[in-house]
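Peer 1: So here's work10.pdb (PDB, C-alpha atoms and all ligand atoms).
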```
ATOM      1  CA  MET A   1       0.000   0.000   0.000
ATOM      2  CA  ASP A   2       1.458   3.323  -1.086
ATOM      3  CA  SER A   3      -0.405   6.601  -0.686
ATOM      4  CA  ARG A   4       2.108   8.813  -2.527
ATOM      5  CA  PRO A   5       0.691  10.613  -5.589
ATOM      6  CA  ILE A   6       1.153   9.763  -9.263
ATOM      7  CA  GLY A   7       2.744  12.529 -11.355
ATOM      8  CA  VAL A   8       1.535  13.074 -14.897
ATOM      9  CA  PHE A   9       2.909  15.528 -17.449
ATOM     10  CA  ASP A  10       2.535  16.751 -21.004
ATOM     11  CA  SER A  11       3.309  19.863 -23.010
ATOM     12  CA  GLY A  12      -0.250  21.118 -22.474
ATOM     13  CA  LEU A  13      -3.811  19.853 -22.540
ATOM     14  CA  GLY A  14      -3.197  16.537 -24.309
ATOM     15  CA  GLY A  15      -2.028  14.571 -21.292
ATOM     16  CA  LEU A  16      -5.466  15.048 -19.762
ATOM     17  CA  THR A  17      -6.589  12.218 -22.063
ATOM     18  CA  ALA A  18      -4.331   9.946 -20.007
ATOM     19  CA  LEU A  19      -5.217  11.610 -16.699
ATOM     20  CA  ARG A  20      -8.942  11.180 -17.275
ATOM     21  CA  GLU A  21      -8.432   7.464 -17.825
ATOM     22  CA  LEU A  22      -6.099   7.155 -14.805
ATOM     23  CA  ALA A  23      -8.765   8.847 -12.681
ATOM     24  CA  ARG A  24     -11.463   6.522 -14.036
ATOM     25  CA  LEU A  25      -9.430   3.377 -13.372
ATOM     26  CA  MET A  26      -7.984   4.489 -10.028
ATOM     27  CA  PRO A  27     -10.374   7.074  -8.543
ATOM     28  CA  GLU A  28      -8.780   6.837  -5.101
ATOM     29  CA  GLU A  29      -5.238   7.738  -6.237
ATOM     30  CA  ASP A  30      -3.904  11.294  -5.848
ATOM     31  CA  LEU A  31      -2.951  12.679  -9.277
ATOM     32  CA  ILE A  32      -0.722  15.686  -9.918
ATOM     33  CA  TYR A  33      -0.782  17.042 -13.456
ATOM     34  CA  PHE A  34       1.723  19.376 -15.061
ATOM     35  CA  GLY A  35       1.051  20.923 -18.487
ATOM     36  CA  ASP A  36       3.963  22.887 -19.914
ATOM     37  CA  THR A  37       1.669  25.432 -21.566
ATOM     38  CA  GLY A  38       4.377  28.101 -21.645
ATOM     39  CA  ARG A  39       6.469  25.960 -24.002
ATOM     40  CA  VAL A  40       3.855  24.006 -25.959
ATOM     41  CA  PRO A  41       4.132  22.637 -28.653
ATOM     42  CA  TYR A  42       6.992  20.235 -27.987
ATOM     43  CA  GLY A  43       6.624  18.341 -31.252
ATOM     44  CA  GLY A  44       8.918  20.404 -33.475
ATOM     45  CA  ARG A  45      11.794  20.585 -30.997
ATOM     46  CA  SER A  46      15.158  18.824 -31.029
ATOM     47  CA  ARG A  47      15.920  15.790 -28.871
ATOM     48  CA  GLU A  48      18.287  17.903 -26.721
ATOM     49  CA  THR A  49      15.609  20.496 -25.981
ATOM     50  CA  LEU A  50      12.984  17.824 -25.322
ATOM     51  CA  ILE A  51      15.292  16.089 -22.836
ATOM     52  CA  GLN A  52      15.950  19.393 -21.076
ATOM     53  CA  TYR A  53      12.210  20.177 -20.838
ATOM     54  CA  ALA A  54      11.349  16.629 -19.745
ATOM     55  CA  ARG A  55      14.000  16.732 -16.990
ATOM     56  CA  GLN A  56      12.509  19.974 -15.667
ATOM     57  CA  ASP A  57       8.970  18.564 -15.844
ATOM     58  CA  VAL A  58      10.017  15.500 -13.846
ATOM     59  CA  ALA A  59      12.063  17.607 -11.397
ATOM     60  CA  PHE A  60       8.947  19.670 -10.645
ATOM     61  CA  LEU A  61       6.787  16.568 -10.141
ATOM     62  CA  LYS A  62       9.486  15.093  -7.891
ATOM     63  CA  THR A  63       8.824  17.860  -5.369
ATOM     64  CA  PHE A  64       5.579  15.967  -4.578
ATOM     65  CA  GLN A  65       7.490  12.729  -3.914
ATOM     66  CA  PRO A  66       5.534  10.689  -6.468
ATOM     67  CA  LYS A  67       5.467   6.897  -6.447
ATOM     68  CA  ALA A  68       5.428   6.925 -10.262
ATOM     69  CA  VAL A  69       5.448   9.379 -13.152
ATOM     70  CA  VAL A  70       3.433   9.020 -16.333
ATOM     71  CA  ILE A  71       4.849  10.723 -19.429
ATOM     72  CA  ALA A  72       1.461  11.565 -20.917
ATOM     73  CA  CYS A  73       3.147  12.890 -24.043
ATOM     74  CA  GLY A  74       3.947  10.879 -27.148
ATOM     75  CA  THR A  75       6.790  13.202 -28.076
ATOM     76  CA  VAL A  76       8.651  12.910 -24.755
ATOM     77  CA  SER A  77       7.889   9.183 -24.488
ATOM     78  CA  ALA A  78       9.364   8.623 -27.952
ATOM     79  CA  THR A  79      12.512  10.661 -27.355
ATOM     80  CA  ALA A  80      13.386  10.749 -23.651
ATOM     81  CA  LEU A  81      11.929   7.715 -21.843
ATOM     82  CA  ASP A  82      15.313   5.983 -21.646
ATOM     83  CA  VAL A  83      17.035   9.059 -20.202
ATOM     84  CA  LEU A  84      14.312   9.727 -17.612
ATOM     85  CA  THR A  85      14.179   6.067 -16.580
ATOM     86  CA  ALA A  86      17.947   5.942 -16.095
ATOM     87  CA  GLU A  87      17.899   9.079 -13.935
ATOM     88  CA  ASN A  88      15.086   8.177 -11.557
ATOM     89  CA  THR A  89      14.400   5.405  -9.085
ATOM     90  CA  PHE A  90      10.577   5.341  -9.273
ATOM     91  CA  PRO A  91       8.752   3.792 -12.252
ATOM     92  CA  ILE A  92       8.345   6.063 -15.260
ATOM     93  CA  TYR A  93       5.703   5.071 -17.805
ATOM     94  CA  GLY A  94       5.740   6.229 -21.429
ATOM     95  CA  VAL A  95       2.875   5.852 -23.885
ATOM     96  CA  VAL A  96       4.612   4.099 -26.801
ATOM     97  CA  GLU A  97       4.898   0.491 -25.642
ATOM     98  CA  SER A  98       1.335   0.007 -24.405
ATOM     99  CA  ALA A  99      -0.073   1.640 -27.565
ATOM    100  CA  ALA A 100       1.989  -0.672 -29.755
ATOM    101  CA  ARG A 101       0.724  -3.694 -27.806
ATOM    102  CA  LEU A 102      -2.875  -2.605 -28.265
ATOM    103  CA  ALA A 103      -2.443  -1.832 -31.993
ATOM    104  CA  ALA A 104      -0.709  -5.168 -32.636
ATOM    105  CA  ALA A 105      -3.552  -6.969 -30.877
ATOM    106  CA  ARG A 106      -6.258  -5.103 -32.816
ATOM    107  CA  THR A 107      -4.984  -5.065 -36.403
ATOM    108  CA  GLN A 108      -6.229  -7.790 -38.725
ATOM    109  CA  SER A 109      -4.696  -6.531 -41.974
ATOM    110  CA  ARG A 110      -1.367  -5.699 -40.272
ATOM    111  CA  LYS A 111      -1.522  -2.274 -41.859
ATOM    112  CA  VAL A 112      -1.237   0.216 -39.029
ATOM    113  CA  GLY A 113      -1.377   3.978 -39.487
ATOM    114  CA  LEU A 114       0.507   6.235 -37.092
ATOM    115  CA  ILE A 115      -0.003   9.947 -36.585
ATOM    116  CA  GLY A 116       2.113  12.024 -34.247
ATOM    117  CA  THR A 117       4.256  15.097 -33.891
ATOM    118  CA  ARG A 118       7.347  15.565 -36.053
ATOM    119  CA  ALA A 119       9.650  14.535 -33.190
ATOM    120  CA  SER A 120       7.627  11.370 -32.454
ATOM    121  CA  ILE A 121       7.567  10.291 -36.091
ATOM    122  CA  ARG A 122      11.259  11.122 -36.555
ATOM    123  CA  SER A 123      12.186   8.984 -33.521
ATOM    124  CA  GLY A 124      10.875   5.749 -35.085
ATOM    125  CA  ALA A 125       9.920   4.618 -31.556
ATOM    126  CA  TYR A 126       6.423   3.346 -32.426
ATOM    127  CA  GLU A 127       7.778   1.424 -35.446
ATOM    128  CA  ARG A 128      10.440  -0.239 -33.292
ATOM    129  CA  ALA A 129       7.901  -1.236 -30.651
ATOM    130  CA  LEU A 130       5.518  -2.663 -33.275
ATOM    131  CA  ALA A 131       8.308  -4.533 -35.097
ATOM    132  CA  ALA A 132       9.351  -6.157 -31.812
ATOM    133  CA  LEU A 133       5.804  -7.436 -31.349
ATOM    134  CA  ASP A 134       5.089  -8.485 -34.943
ATOM    135  CA  PRO A 135       7.647  -7.901 -37.721
ATOM    136  CA  ALA A 136       4.939  -8.409 -40.368
ATOM    137  CA  ILE A 137       3.136  -5.221 -39.380
ATOM    138  CA  GLN A 138       3.493  -2.440 -41.940
ATOM    139  CA  VAL A 139       3.465   1.007 -40.381
ATOM    140  CA  TYR A 140       2.290   4.089 -42.271
ATOM    141  CA  PRO A 141       3.612   7.115 -40.351
ATOM    142  CA  GLN A 142       2.392  10.676 -40.792
ATOM    143  CA  ALA A 143       3.596  13.748 -38.909
ATOM    144  CA  CYS A 144       0.757  16.203 -38.157
ATOM    145  CA  PRO A 145       2.402  19.379 -36.816
ATOM    146  CA  LEU A 146      -0.725  21.552 -37.043
ATOM    147  CA  LEU A 147      -2.931  19.383 -34.847
ATOM    148  CA  VAL A 148      -1.507  20.259 -31.407
ATOM    149  CA  PRO A 149      -1.868  24.046 -31.952
ATOM    150  CA  LEU A 150      -5.452  23.494 -33.151
ATOM    151  CA  VAL A 151      -6.314  21.492 -30.030
ATOM    152  CA  GLU A 152      -4.569  23.952 -27.686
ATOM    153  CA  ASN A 153      -6.744  26.673 -29.226
ATOM    154  CA  GLY A 154      -9.910  24.712 -28.567
ATOM    155  CA  ARG A 155     -10.448  23.884 -32.273
ATOM    156  CA  PHE A 156     -11.271  20.190 -31.799
ATOM    157  CA  ARG A 157     -15.006  19.968 -32.333
ATOM    158  CA  PRO A 158     -16.612  18.242 -35.341
ATOM    159  CA  GLY A 159     -17.955  20.809 -37.792
ATOM    160  CA  ASP A 160     -14.859  23.033 -37.494
ATOM    161  CA  ALA A 161     -14.079  23.487 -41.201
ATOM    162  CA  VAL A 162     -10.391  24.336 -40.720
ATOM    163  CA  THR A 163      -9.724  21.382 -38.429
ATOM    164  CA  GLU A 164     -11.632  18.990 -40.688
ATOM    165  CA  GLN A 165      -9.637  20.112 -43.712
ATOM    166  CA  VAL A 166      -6.282  19.783 -41.943
ATOM    167  CA  VAL A 167      -7.198  16.340 -40.604
ATOM    168  CA  ALA A 168      -8.334  15.197 -44.067
ATOM    169  CA  GLU A 169      -5.092  16.367 -45.662
ATOM    170  CA  TYR A 170      -2.934  14.523 -43.111
ATOM    171  CA  LEU A 171      -5.009  11.346 -43.185
ATOM    172  CA  THR A 172      -5.470  10.981 -46.948
ATOM    173  CA  PRO A 173      -2.367   8.779 -47.473
ATOM    174  CA  LEU A 174      -3.349   6.524 -44.556
ATOM    175  CA  LYS A 175      -6.865   6.135 -45.863
ATOM    176  CA  GLU A 176      -5.498   5.329 -49.320
ATOM    177  CA  ALA A 177      -3.198   2.721 -47.744
ATOM    178  CA  ALA A 178      -6.333   1.132 -46.214
ATOM    179  CA  VAL A 179      -4.962   0.878 -42.669
ATOM    180  CA  ASP A 180      -7.391  -0.908 -40.341
ATOM    181  CA  THR A 181      -5.870   0.519 -37.147
ATOM    182  CA  LEU A 182      -4.681   4.057 -36.504
ATOM    183  CA  ILE A 183      -2.455   4.952 -33.572
ATOM    184  CA  LEU A 184      -3.230   8.461 -32.303
ATOM    185  CA  GLY A 185       0.434   8.774 -31.336
ATOM    186  CA  CYS A 186       0.057  12.098 -29.560
ATOM    187  CA  THR A 187      -2.042  12.498 -26.431
ATOM    188  CA  HIS A 188      -3.691  15.623 -27.845
ATOM    189  CA  TYR A 189      -5.286  13.689 -30.682
ATOM    190  CA  PRO A 190      -8.081  11.876 -28.791
ATOM    191  CA  LEU A 191      -9.670  15.317 -28.450
ATOM    192  CA  LEU A 192      -9.987  15.100 -32.252
ATOM    193  CA  ARG A 193     -11.326  11.546 -32.104
ATOM    194  CA  ASP A 194     -14.719  12.352 -33.650
ATOM    195  CA  VAL A 195     -13.192  14.299 -36.527
ATOM    196  CA  VAL A 196     -10.604  11.576 -37.196
ATOM    197  CA  GLN A 197     -13.076   8.696 -36.893
ATOM    198  CA  SER A 198     -15.536  10.350 -39.206
ATOM    199  CA  TYR A 199     -12.840  10.868 -41.855
ATOM    200  CA  MET A 200     -11.314   7.360 -41.552
ATOM    201  CA  GLY A 201     -14.662   5.559 -41.277
ATOM    202  CA  PRO A 202     -16.160   3.450 -38.472
ATOM    203  CA  GLU A 203     -14.288   0.294 -39.482
ATOM    204  CA  VAL A 204     -10.884   1.764 -38.535
ATOM    205  CA  THR A 205      -9.827   1.155 -34.917
ATOM    206  CA  LEU A 206      -8.349   4.228 -33.241
ATOM    207  CA  VAL A 207      -5.729   3.594 -30.564
ATOM    208  CA  ASP A 208      -5.719   6.252 -27.834
ATOM    209  CA  VAL A 209      -2.146   6.146 -26.497
ATOM    210  CA  GLY A 210      -2.956   7.888 -23.216
ATOM    211  CA  ALA A 211      -5.793   5.510 -22.400
ATOM    212  CA  ALA A 212      -3.692   2.465 -23.329
ATOM    213  CA  CYS A 213      -0.931   3.722 -21.063
ATOM    214  CA  ALA A 214      -3.347   4.368 -18.175
ATOM    215  CA  ASP A 215      -4.536   0.741 -18.383
ATOM    216  CA  TRP A 216      -0.969  -0.453 -18.186
ATOM    217  CA  VAL A 217      -0.111   1.879 -15.289
ATOM    218  CA  ALA A 218      -3.084   0.634 -13.244
ATOM    219  CA  THR A 219      -2.101  -3.007 -13.804
ATOM    220  CA  SER A 220       1.571  -2.381 -13.173
ATOM    221  CA  LEU A 221       1.058  -0.431  -9.920
ATOM    222  CA  GLU A 222      -1.168  -3.233  -8.685
ATOM    223  CA  GLU A 223       1.455  -5.848  -9.554
ATOM    224  CA  HIS A 224       4.159  -3.880  -7.754
ATOM    225  CA  GLY A 225       2.055  -3.336  -4.639
ATOM    226  CA  LEU A 226       2.024   0.421  -5.264
ATOM    227  CA  ARG A 227      -1.739   1.091  -5.198
ATOM    228  CA  CYS A 228      -2.941   3.324  -2.370
ATOM    229  CA  GLY A 229      -5.525   0.902  -1.094
ATOM    230  CA  GLY A 230      -7.935   3.565   0.272
ATOM    231  CA  THR A 231     -11.480   4.175  -0.894
ATOM    232  CA  ALA A 232     -11.824   7.956  -0.464
ATOM    233  CA  PRO A 233     -11.650   9.891  -3.754
ATOM    234  CA  GLY A 234      -8.099  10.974  -4.587
ATOM    235  CA  ARG A 235      -7.017  14.603  -4.870
ATOM    236  CA  ARG A 236      -6.402  16.192  -8.290
ATOM    237  CA  GLN A 237      -3.981  19.073  -8.645
ATOM    238  CA  TYR A 238      -3.162  20.829 -11.897
ATOM    239  CA  TYR A 239      -0.139  22.992 -12.659
ATOM    240  CA  VAL A 240       0.741  24.882 -15.824
ATOM    241  CA  SER A 241       3.721  27.004 -16.850
ATOM    242  CA  ASP A 242       1.663  29.862 -18.327
ATOM    243  CA  SER A 243      -1.559  31.624 -17.374
ATOM    244  CA  THR A 244      -4.137  29.330 -15.857
ATOM    245  CA  GLU A 245      -7.359  30.691 -17.431
ATOM    246  CA  ASP A 246      -7.320  29.132 -20.908
ATOM    247  CA  PHE A 247      -6.091  25.809 -19.565
ATOM    248  CA  ALA A 248      -8.703  25.769 -16.795
ATOM    249  CA  TYR A 249     -11.489  26.557 -19.260
ATOM    250  CA  LEU A 250     -10.567  23.920 -21.859
ATOM    251  CA  ALA A 251      -9.561  21.321 -19.262
ATOM    252  CA  SER A 252     -12.884  21.754 -17.434
ATOM    253  CA  LEU A 253     -14.698  21.315 -20.743
ATOM    254  CA  PHE A 254     -12.754  18.161 -21.566
ATOM    255  CA  LEU A 255     -12.906  16.615 -18.078
ATOM    256  CA  GLY A 256     -16.593  17.469 -17.693
ATOM    257  CA  GLN A 257     -16.049  19.206 -14.338
ATOM    258  CA  ASP A 258     -14.971  22.652 -13.236
ATOM    259  CA  ILE A 259     -11.332  22.462 -12.159
ATOM    260  CA  THR A 260     -10.677  26.230 -12.165
ATOM    261  CA  ASP A 261      -9.866  26.327  -8.426
ATOM    262  CA  GLY A 262      -7.432  23.437  -8.741
ATOM    263  CA  VAL A 263      -5.092  25.020 -11.336
ATOM    264  CA  ALA A 264      -1.930  26.890 -10.349
ATOM    265  CA  GLN A 265       0.955  28.411 -12.267
ATOM    266  CA  VAL A 266       4.560  27.339 -11.801
ATOM    267  CA  ASP A 267       7.853  28.754 -13.107
ATOM    268  CA  ILE A 268       9.202  25.580 -14.684
ATOM    269  CA  THR A 269      12.540  27.185 -15.575
ATOM    270  CA  ARG A 270      13.444  27.039 -11.855
ATOM    271  CA  TYR A 271      13.608  23.241 -11.969
TER
HETATM  272  N1  LIG B 301       0.710  15.656 -26.260
HETATM  273  C1  LIG B 301       2.030  15.773 -26.883
HETATM  274  C2  LIG B 301       2.352  14.451 -27.539
HETATM  275  O1  LIG B 301       1.730  13.484 -27.140
HETATM  276  C3  LIG B 301       2.041  16.963 -27.768
HETATM  277  C4  LIG B 301       3.393  17.375 -28.204
HETATM  278  C5  LIG B 301       3.477  18.810 -28.600
HETATM  279  O2  LIG B 301       3.363  19.641 -27.720
HETATM  280  O3  LIG B 301       3.713  19.068 -29.790
HETATM  281  O4  LIG B 301       3.177  14.318 -28.386
END
```
Once more with this new file: its structure as structure tokens, please.
Ligand code: DGL

Peer 2:
Amino acid sequence: MDSRPIGVFDSGLGGLTALRELARLMPEEDLIYFGDTGRVPYGGRSRETLIQYARQDVAFLKTFQPKAVVIACGTVSATALDVLTAENTFPIYGVVESAARLAAARTQSRKVGLIGTRASIRSGAYERALAALDPAIQVYPQACPLLVPLVENGRFRPGDAVTEQVVAEYLTPLKEAAVDTLILGCTHYPLLRDVVQSYMGPEVTLVDVGAACADWVATSLEEHGLRCGGTAPGRRQYYVSDSTEDFAYLASLFLGQDITDGVAQVDITRY
């Protein structure tokens, strides 16, 4: 039994897709979320910069003495998981491996589409994880640099003409390749799930990397005897590195509850 909190971080709003699932699966756990809204988007940055940002994000979460940290960001998971794991003693979970496991289990045609940020696609991390599970899987990768800024600006609802056009342009090659499974390789993308599903068609399985990771985290903490064991609802705390208003508004919308009072600003450059 371990009542320490679980730290969760992303460049902005996207990691909430993992947090929401963590909260659903483990309502009694304390969750501390950090969204690096002052430096979002991460996806076009170099590996060196991403490692520097990720180290600061983890250093901030470490001030809460977490029992585990979830990298609720495809970009950081794909580029810095090894570094963060080597530097810390508590378990650090990235989103790549569990998403690859789920995609490999779901695909029938073994044609798997992958969308993500430029840094995630460049890393080849999802391809490596899929190849290790099933070398016959063909991966069709597509970087989608405009999607994170659209989501961060609240442009994720079906019917948004700009978002629908951008999504269609990115997904055309994957649709033409007739993938039967599509990995939403960035945690921001499940906010675009309806737009993506409607373009790809109902027969294509979408893999939500944050949700897949949350499943794995819940199982793994249980196996390692790290669950808190209580029954009272856990505390949720949210921190961002820029002004809290926009984040609080969009996060409340996405989480379906008003979290305005639970959001605070932090100077991440101090860590
Ligand atoms: N949610 C992050 C990811 O999963 C977004 C990266 C970005 O900020 O560009 O990759």

Peer 1: Please find the residues contacting ligand LIG 301 (chain B) at a distance of at most 10 Å between atoms, with only C-alpha atoms and all ligand atoms counted, and report them as a PyMOL selection string.

Peer 2: chain A and resi 9-18+35-37+39-45+71-78+95-96+115-121+144-149+151-152+184-190+209-210

Peer 1: So which residues get picked by the PyMOL selection byres (((chain A and resi 58-66) around 12) and not hetatm) here, written as a PyMOL selection string?

Peer 2: chain A and resi 2-10+29-36+51-57+67-72+76+80-81+83-85+87-93+226+228+237-241+265-271

Peer 1: Please evaluate the PyMOL selection byres (((chain A and resi 177) around 12) and not hetatm) against the displayed coordinates and give the resulting residues as a PyMOL selection string.

Peer 2: chain A and resi 109-114+138-142+171-176+178-182+200

Peer 1: Provide the CA of Ala232 (chain A) to CA of Glu28 (chain A) distance in Å, to one decimal place.

Peer 2: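 So the answer is 5.7 Å.
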
Peer 1: Quick one: pull the distance between CA of Asp82 (chain A) and CA of Pro135 (chain A), Å, one decimal.

Peer 2: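 Answer for the CA of Asp82 (chain A) to CA of Pro135 (chain A) separation: 22.6 Å.
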
Peer 1: Separation of CA of Ala86 (chain A) and CA of Ala104 (chain A), in Å?

Peer 2: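 Computed distance, CA of Ala86 (chain A) to CA of Ala104 (chain A), equals 27.3 Å.
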
Peer 1: Care to translate the PyMOL selection byres (((chain A and resi 105) around 12) and not hetatm) into actual residues of this file, as an mmCIF file with C-alpha atoms, keeping the file's coordinate frame?

Peer 2:
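Contents of the output file expr_23.cif:
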```cif
data_model
loop_
_atom_site.group_PDB
_atom_site.id
_atom_site.type_symbol
_atom_site.label_atom_id
_atom_site.label_comp_id
_atom_site.auth_asym_id
_atom_site.auth_seq_id
_atom_site.Cartn_x
_atom_site.Cartn_y
_atom_site.Cartn_z
ATOM 1 C CA SER A 98 1.335 0.007 -24.405
ATOM 2 C CA ALA A 99 -0.073 1.640 -27.565
ATOM 3 C CA ALA A 100 1.989 -0.672 -29.755
ATOM 4 C CA ARG A 101 0.724 -3.694 -27.806
ATOM 5 C CA LEU A 102 -2.875 -2.605 -28.265
ATOM 6 C CA ALA A 103 -2.443 -1.832 -31.993
ATOM 7 C CA ALA A 104 -0.709 -5.168 -32.636
ATOM 8 C CA ARG A 106 -6.258 -5.103 -32.816
ATOM 9 C CA THR A 107 -4.984 -5.065 -36.403
ATOM 10 C CA GLN A 108 -6.229 -7.790 -38.725
ATOM 11 C CA SER A 109 -4.696 -6.531 -41.974
ATOM 12 C CA ARG A 110 -1.367 -5.699 -40.272
ATOM 13 C CA VAL A 112 -1.237 0.216 -39.029
ATOM 14 C CA LEU A 130 5.518 -2.663 -33.275
ATOM 15 C CA LEU A 133 5.804 -7.436 -31.349
ATOM 16 C CA ASP A 134 5.089 -8.485 -34.943
ATOM 17 C CA ILE A 137 3.136 -5.221 -39.380
ATOM 18 C CA ASP A 180 -7.391 -0.908 -40.341
ATOM 19 C CA THR A 181 -5.870 0.519 -37.147
ATOM 20 C CA THR A 205 -9.827 1.155 -34.917
ATOM 21 C CA VAL A 207 -5.729 3.594 -30.564
#
```

Peer 1: Go through A:Arg193, A:Arg122, A:His224, A:Arg20 one by one, measure the shortest atom-to-atom distance of each to Arg236 (chain A) using only C-alpha atoms, and give the residue with the smallest value.

Peer 2: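 Among the listed residues, the smallest separation from Arg236 (chain A) belongs to A:Arg20.
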
Peer 1: For Gly201 (chain A), which residue among A:Ala248, A:Ala168, A:Val162, A:Ala131 is the nearest when counting only C-alpha atoms?

Peer 2: A:Ala168
